[in-house]
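Student: This is upload-v6.cif, which holds mmCIF, N, CA and C atoms:
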data_protein
#
loop_
_atom_site.label_atom_id
_atom_site.label_comp_id
_atom_site.auth_asym_id
_atom_site.auth_seq_id
_atom_site.Cartn_x
_atom_site.Cartn_y
_atom_site.Cartn_z
N MET A 1 4.56 -0.99 15.37
CA MET A 1 4.89 -1.11 13.96
C MET A 1 5.56 0.17 13.49
N SER A 2 6.25 0.06 12.39
CA SER A 2 6.97 1.22 11.91
C SER A 2 6.60 1.53 10.47
N VAL A 3 7.01 2.70 10.07
CA VAL A 3 6.78 3.12 8.70
C VAL A 3 7.61 2.24 7.76
N ARG A 4 8.71 1.71 8.24
CA ARG A 4 9.53 0.83 7.40
C ARG A 4 8.76 -0.42 6.99
N ALA A 5 8.01 -1.00 7.92
CA ALA A 5 7.19 -2.18 7.60
C ALA A 5 6.12 -1.83 6.58
N LEU A 6 5.53 -0.65 6.72
CA LEU A 6 4.53 -0.20 5.76
C LEU A 6 5.17 0.02 4.39
N ARG A 7 6.36 0.56 4.38
CA ARG A 7 7.07 0.78 3.11
C ARG A 7 7.32 -0.55 2.39
N ILE A 8 7.71 -1.57 3.14
CA ILE A 8 7.96 -2.89 2.55
C ILE A 8 6.66 -3.50 2.03
N ALA A 9 5.60 -3.44 2.82
CA ALA A 9 4.32 -4.01 2.40
C ALA A 9 3.77 -3.28 1.18
N ALA A 10 3.91 -1.97 1.13
CA ALA A 10 3.44 -1.21 -0.02
C ALA A 10 4.25 -1.54 -1.27
N ALA A 11 5.55 -1.76 -1.10
CA ALA A 11 6.39 -2.12 -2.24
C ALA A 11 6.01 -3.50 -2.78
N VAL A 12 5.77 -4.44 -1.89
CA VAL A 12 5.36 -5.79 -2.32
C VAL A 12 4.01 -5.72 -3.03
N GLU A 13 3.09 -4.93 -2.49
CA GLU A 13 1.78 -4.79 -3.11
C GLU A 13 1.90 -4.21 -4.52
N THR A 14 2.69 -3.17 -4.66
CA THR A 14 2.85 -2.51 -5.96
C THR A 14 3.58 -3.42 -6.95
N LEU A 15 4.63 -4.07 -6.52
CA LEU A 15 5.38 -4.96 -7.40
C LEU A 15 4.55 -6.15 -7.83
N SER A 16 3.80 -6.74 -6.90
CA SER A 16 2.97 -7.88 -7.27
C SER A 16 1.86 -7.48 -8.24
N LEU A 17 1.31 -6.29 -8.07
CA LEU A 17 0.30 -5.82 -9.01
C LEU A 17 0.91 -5.61 -10.40
N ALA A 18 2.12 -5.07 -10.45
CA ALA A 18 2.79 -4.88 -11.73
C ALA A 18 3.04 -6.22 -12.42
N ILE A 19 3.43 -7.22 -11.65
CA ILE A 19 3.65 -8.56 -12.22
C ILE A 19 2.34 -9.13 -12.74
N LEU A 20 1.27 -9.00 -11.98
CA LEU A 20 -0.02 -9.52 -12.41
C LEU A 20 -0.51 -8.84 -13.69
N LEU A 21 -0.39 -7.53 -13.75
CA LEU A 21 -0.84 -6.81 -14.94
C LEU A 21 0.03 -7.10 -16.16
N THR A 22 1.33 -7.25 -15.94
CA THR A 22 2.22 -7.60 -17.04
C THR A 22 1.89 -8.99 -17.56
N ASN A 23 1.65 -9.91 -16.67
CA ASN A 23 1.27 -11.26 -17.07
C ASN A 23 -0.04 -11.24 -17.86
N LEU A 24 -0.98 -10.46 -17.40
CA LEU A 24 -2.28 -10.37 -18.06
C LEU A 24 -2.15 -9.77 -19.46
N ALA A 25 -1.28 -8.79 -19.61
CA ALA A 25 -1.12 -8.12 -20.91
C ALA A 25 -0.24 -8.90 -21.88
N THR A 26 0.54 -9.84 -21.39
CA THR A 26 1.46 -10.56 -22.28
C THR A 26 1.06 -12.02 -22.44
N VAL A 27 1.64 -12.90 -21.67
CA VAL A 27 1.48 -14.34 -21.88
C VAL A 27 0.24 -14.93 -21.20
N HIS A 28 -0.31 -14.25 -20.22
CA HIS A 28 -1.49 -14.70 -19.47
C HIS A 28 -1.31 -16.13 -18.95
N GLU A 29 -0.21 -16.35 -18.26
CA GLU A 29 0.12 -17.66 -17.70
C GLU A 29 -0.64 -17.86 -16.38
N PRO A 30 -1.50 -18.85 -16.31
CA PRO A 30 -2.27 -19.07 -15.08
C PRO A 30 -1.41 -19.35 -13.84
N ALA A 31 -0.27 -19.96 -14.03
CA ALA A 31 0.60 -20.26 -12.89
C ALA A 31 1.11 -18.99 -12.22
N VAL A 32 1.39 -17.97 -13.01
CA VAL A 32 1.86 -16.69 -12.45
C VAL A 32 0.76 -16.08 -11.60
N ALA A 33 -0.46 -16.09 -12.11
CA ALA A 33 -1.58 -15.55 -11.35
C ALA A 33 -1.82 -16.36 -10.08
N SER A 34 -1.65 -17.66 -10.16
CA SER A 34 -1.86 -18.51 -8.99
C SER A 34 -0.83 -18.27 -7.90
N LEU A 35 0.38 -17.93 -8.30
CA LEU A 35 1.44 -17.68 -7.33
C LEU A 35 1.44 -16.25 -6.81
N VAL A 36 1.28 -15.29 -7.70
CA VAL A 36 1.42 -13.89 -7.33
C VAL A 36 0.12 -13.29 -6.78
N GLY A 37 -1.02 -13.83 -7.20
CA GLY A 37 -2.30 -13.31 -6.72
C GLY A 37 -2.44 -13.33 -5.21
N PRO A 38 -2.19 -14.47 -4.57
CA PRO A 38 -2.27 -14.50 -3.11
C PRO A 38 -1.23 -13.61 -2.41
N VAL A 39 -0.07 -13.47 -3.03
CA VAL A 39 0.95 -12.57 -2.46
C VAL A 39 0.43 -11.14 -2.48
N HIS A 40 -0.19 -10.76 -3.59
CA HIS A 40 -0.74 -9.42 -3.72
C HIS A 40 -1.85 -9.19 -2.69
N GLY A 41 -2.74 -10.17 -2.54
CA GLY A 41 -3.81 -10.04 -1.55
C GLY A 41 -3.29 -9.94 -0.13
N ALA A 42 -2.29 -10.74 0.19
CA ALA A 42 -1.69 -10.69 1.53
C ALA A 42 -0.99 -9.35 1.76
N ALA A 43 -0.33 -8.83 0.75
CA ALA A 43 0.34 -7.54 0.88
C ALA A 43 -0.68 -6.43 1.09
N TYR A 44 -1.81 -6.50 0.40
CA TYR A 44 -2.88 -5.51 0.58
C TYR A 44 -3.38 -5.53 2.02
N LEU A 45 -3.63 -6.72 2.55
CA LEU A 45 -4.09 -6.84 3.94
C LEU A 45 -3.00 -6.40 4.92
N ALA A 46 -1.75 -6.68 4.60
CA ALA A 46 -0.64 -6.26 5.46
C ALA A 46 -0.54 -4.73 5.51
N VAL A 47 -0.75 -4.08 4.36
CA VAL A 47 -0.72 -2.62 4.33
C VAL A 47 -1.77 -2.05 5.28
N ILE A 48 -2.96 -2.61 5.23
CA ILE A 48 -4.03 -2.13 6.10
C ILE A 48 -3.69 -2.38 7.56
N ALA A 49 -3.24 -3.60 7.88
CA ALA A 49 -2.93 -3.95 9.27
C ALA A 49 -1.79 -3.11 9.82
N VAL A 50 -0.74 -2.95 9.05
CA VAL A 50 0.41 -2.18 9.53
C VAL A 50 0.04 -0.72 9.71
N THR A 51 -0.76 -0.18 8.81
CA THR A 51 -1.17 1.22 8.93
C THR A 51 -2.00 1.43 10.19
N VAL A 52 -2.87 0.49 10.49
CA VAL A 52 -3.69 0.61 11.71
C VAL A 52 -2.81 0.58 12.95
N LEU A 53 -1.73 -0.17 12.92
CA LEU A 53 -0.86 -0.30 14.10
C LEU A 53 0.14 0.84 14.27
N ILE A 54 0.29 1.68 13.28
CA ILE A 54 1.23 2.80 13.40
C ILE A 54 0.59 3.89 14.25
N PRO A 55 1.27 4.31 15.31
CA PRO A 55 0.72 5.37 16.16
C PRO A 55 0.55 6.66 15.35
N GLY A 56 -0.59 7.29 15.54
CA GLY A 56 -0.85 8.56 14.87
C GLY A 56 -1.41 8.43 13.46
N SER A 57 -1.61 7.21 12.98
CA SER A 57 -2.09 7.06 11.61
C SER A 57 -3.55 7.48 11.45
N ALA A 58 -4.32 7.39 12.51
CA ALA A 58 -5.72 7.81 12.43
C ALA A 58 -5.81 9.33 12.33
N ALA A 59 -4.97 10.02 13.06
CA ALA A 59 -5.00 11.48 13.06
C ALA A 59 -4.60 12.06 11.70
N THR A 60 -3.74 11.37 10.98
CA THR A 60 -3.28 11.89 9.70
C THR A 60 -4.18 11.49 8.54
N GLY A 61 -5.10 10.56 8.77
CA GLY A 61 -5.95 10.08 7.69
C GLY A 61 -5.34 8.96 6.90
N ALA A 62 -4.22 8.43 7.36
CA ALA A 62 -3.54 7.35 6.63
C ALA A 62 -4.36 6.07 6.65
N ARG A 63 -5.10 5.84 7.71
CA ARG A 63 -5.89 4.60 7.80
C ARG A 63 -6.96 4.55 6.71
N ARG A 64 -7.61 5.66 6.48
CA ARG A 64 -8.63 5.70 5.42
C ARG A 64 -8.00 5.49 4.05
N ARG A 65 -6.82 6.02 3.85
CA ARG A 65 -6.16 5.90 2.56
C ARG A 65 -5.61 4.50 2.32
N ALA A 66 -5.28 3.79 3.38
CA ALA A 66 -4.69 2.45 3.24
C ALA A 66 -5.65 1.45 2.62
N VAL A 67 -6.93 1.65 2.76
CA VAL A 67 -7.90 0.68 2.24
C VAL A 67 -8.24 0.90 0.77
N VAL A 68 -7.69 1.93 0.16
CA VAL A 68 -7.94 2.18 -1.26
C VAL A 68 -7.22 1.10 -2.07
N PRO A 69 -7.96 0.36 -2.90
CA PRO A 69 -7.31 -0.68 -3.70
C PRO A 69 -6.25 -0.10 -4.63
N VAL A 70 -5.25 -0.87 -4.90
CA VAL A 70 -4.14 -0.59 -5.82
C VAL A 70 -3.12 0.38 -5.25
N ILE A 71 -3.52 1.56 -4.80
CA ILE A 71 -2.55 2.57 -4.38
C ILE A 71 -2.66 2.94 -2.91
N GLY A 72 -3.40 2.17 -2.13
CA GLY A 72 -3.61 2.50 -0.73
C GLY A 72 -2.33 2.58 0.08
N GLY A 73 -1.43 1.66 -0.14
CA GLY A 73 -0.16 1.68 0.60
C GLY A 73 0.66 2.92 0.29
N LEU A 74 0.70 3.28 -0.97
CA LEU A 74 1.45 4.48 -1.36
C LEU A 74 0.80 5.74 -0.81
N LEU A 75 -0.52 5.79 -0.84
CA LEU A 75 -1.23 6.95 -0.28
C LEU A 75 -1.01 7.07 1.23
N ALA A 76 -1.05 5.94 1.92
CA ALA A 76 -0.83 5.96 3.37
C ALA A 76 0.59 6.42 3.69
N LEU A 77 1.56 5.92 2.94
CA LEU A 77 2.94 6.36 3.15
C LEU A 77 3.08 7.85 2.92
N TRP A 78 2.49 8.33 1.85
CA TRP A 78 2.57 9.76 1.54
C TRP A 78 1.96 10.58 2.66
N ARG A 79 0.83 10.12 3.18
CA ARG A 79 0.14 10.86 4.23
C ARG A 79 0.91 10.83 5.54
N LEU A 80 1.55 9.72 5.84
CA LEU A 80 2.34 9.64 7.07
C LEU A 80 3.60 10.49 7.00
N ARG A 81 4.12 10.67 5.81
CA ARG A 81 5.33 11.50 5.66
C ARG A 81 5.00 12.98 5.71
N ALA A 82 3.77 13.36 5.37
CA ALA A 82 3.42 14.78 5.27
C ALA A 82 2.24 15.14 6.16
N PRO A 83 2.32 14.86 7.47
CA PRO A 83 1.19 15.23 8.33
C PRO A 83 1.06 16.73 8.51
N ALA A 84 2.09 17.48 8.19
CA ALA A 84 2.05 18.93 8.37
C ALA A 84 1.23 19.63 7.30
N LEU A 85 0.69 18.90 6.35
CA LEU A 85 -0.10 19.51 5.29
C LEU A 85 -1.37 20.16 5.82
N ASP A 86 -1.91 19.61 6.90
CA ASP A 86 -3.15 20.15 7.46
C ASP A 86 -2.94 21.31 8.42
N LYS A 87 -1.71 21.54 8.82
CA LYS A 87 -1.45 22.59 9.79
C LYS A 87 -1.41 23.95 9.08
N PRO A 88 -2.07 24.93 9.65
CA PRO A 88 -2.03 26.26 9.03
C PRO A 88 -0.65 26.90 9.17
N VAL A 89 -0.30 27.66 8.18
CA VAL A 89 0.97 28.36 8.19
C VAL A 89 0.80 29.64 8.98
N SER A 90 1.71 29.86 9.92
CA SER A 90 1.57 31.08 10.74
C SER A 90 2.74 32.01 10.54
#
Just give me the structure as structure tokens.

Tutor:
Amino acid sequence: MSVRALRIAAAVETLSLAILLTNLATVHEPAVASLVGPVHGAAYLAVIAVTVLIPGSAATGARRRAVVPVIGGLLALWRLRAPALDKPVS
């Protein structure tokens, strides 16, 4: 798996959450929740699965961050991009 797949899954998760919250705050249409809710859940699970399959994700702590609801995909992406944060400066 690649970071690109994680980026796509995280984007779908974030966008679907935004749609759900906007629907909840405005018209509260049950059909929107029925359609977008499962997409959001599947994207959340995809973020976790893709993060687990990325080599080196355990060493960077991205796997633990991926399971955080709402922002897990974004946190995992951030952690995978900046693994040098834990390395001491010499």

Student: Using all atoms listed in the file, which residues sit within 6.5 Å of region 11-19 of chain A once same-chain residues fewer than 5 positions away are excluded, as a PyMOL selection string?

Tutor: chain A and resi 6+24+36+39-40+43-44

Student: Select, from A:Leu45, A:Ile71, A:Leu21, A:Ile54, the residue with the minimum atom-to-atom distance to Val3 (chain A), counting only N, CA and C atoms.

Tutor: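 Residue with the minimum atom-to-atom distance to Val3 (chain A): A:Ile54.
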
Student: Just want the 8 Å neighbourhood of Leu74 (chain A), counted on all atoms listed in the file, with same-chain residues fewer than 3 positions away dropped. Output as a PyMOL selection string.

Tutor: chain A and resi 6-7+9-11+14+65-66+70-71+77-80

Student: I need the residue nearest Ser2 (chain A) from this list: A:Leu53, A:Ala42, A:Thr22, A:Leu35. Use all atoms listed in the file for the distance.

Tutor: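 Smallest distance to Ser2 (chain A) is found for A:Leu53.
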
Student: I need the residue nearest Ile48 (chain A) from this list: A:Val67, A:Val32, A:Ala5, A:Gly61. Use only N, CA and C atoms for the distance.

Tutor: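 Closest to Ile48 (chain A) of all the choices is A:Val67.
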
Student: Please give the centre and size of the box around region 7-24 of chain A (axis-aligned, containing every atom listed in the file, 6 Å added per side), with values in Å to one decimal and written as JSON.

Tutor:
{"center_x": 2.8, "center_y": -5.2, "center_z": -7.5, "size_x": 22.2, "size_y": 24.0, "size_z": 35.8}

Student: Would you give me, as a ChimeraX atom specification, the residues in chain A that DSSP reads as helix (DSSP H, G or I)?

Tutor: /A:3-25,30-53,57-60,62-66,72-81,83-86
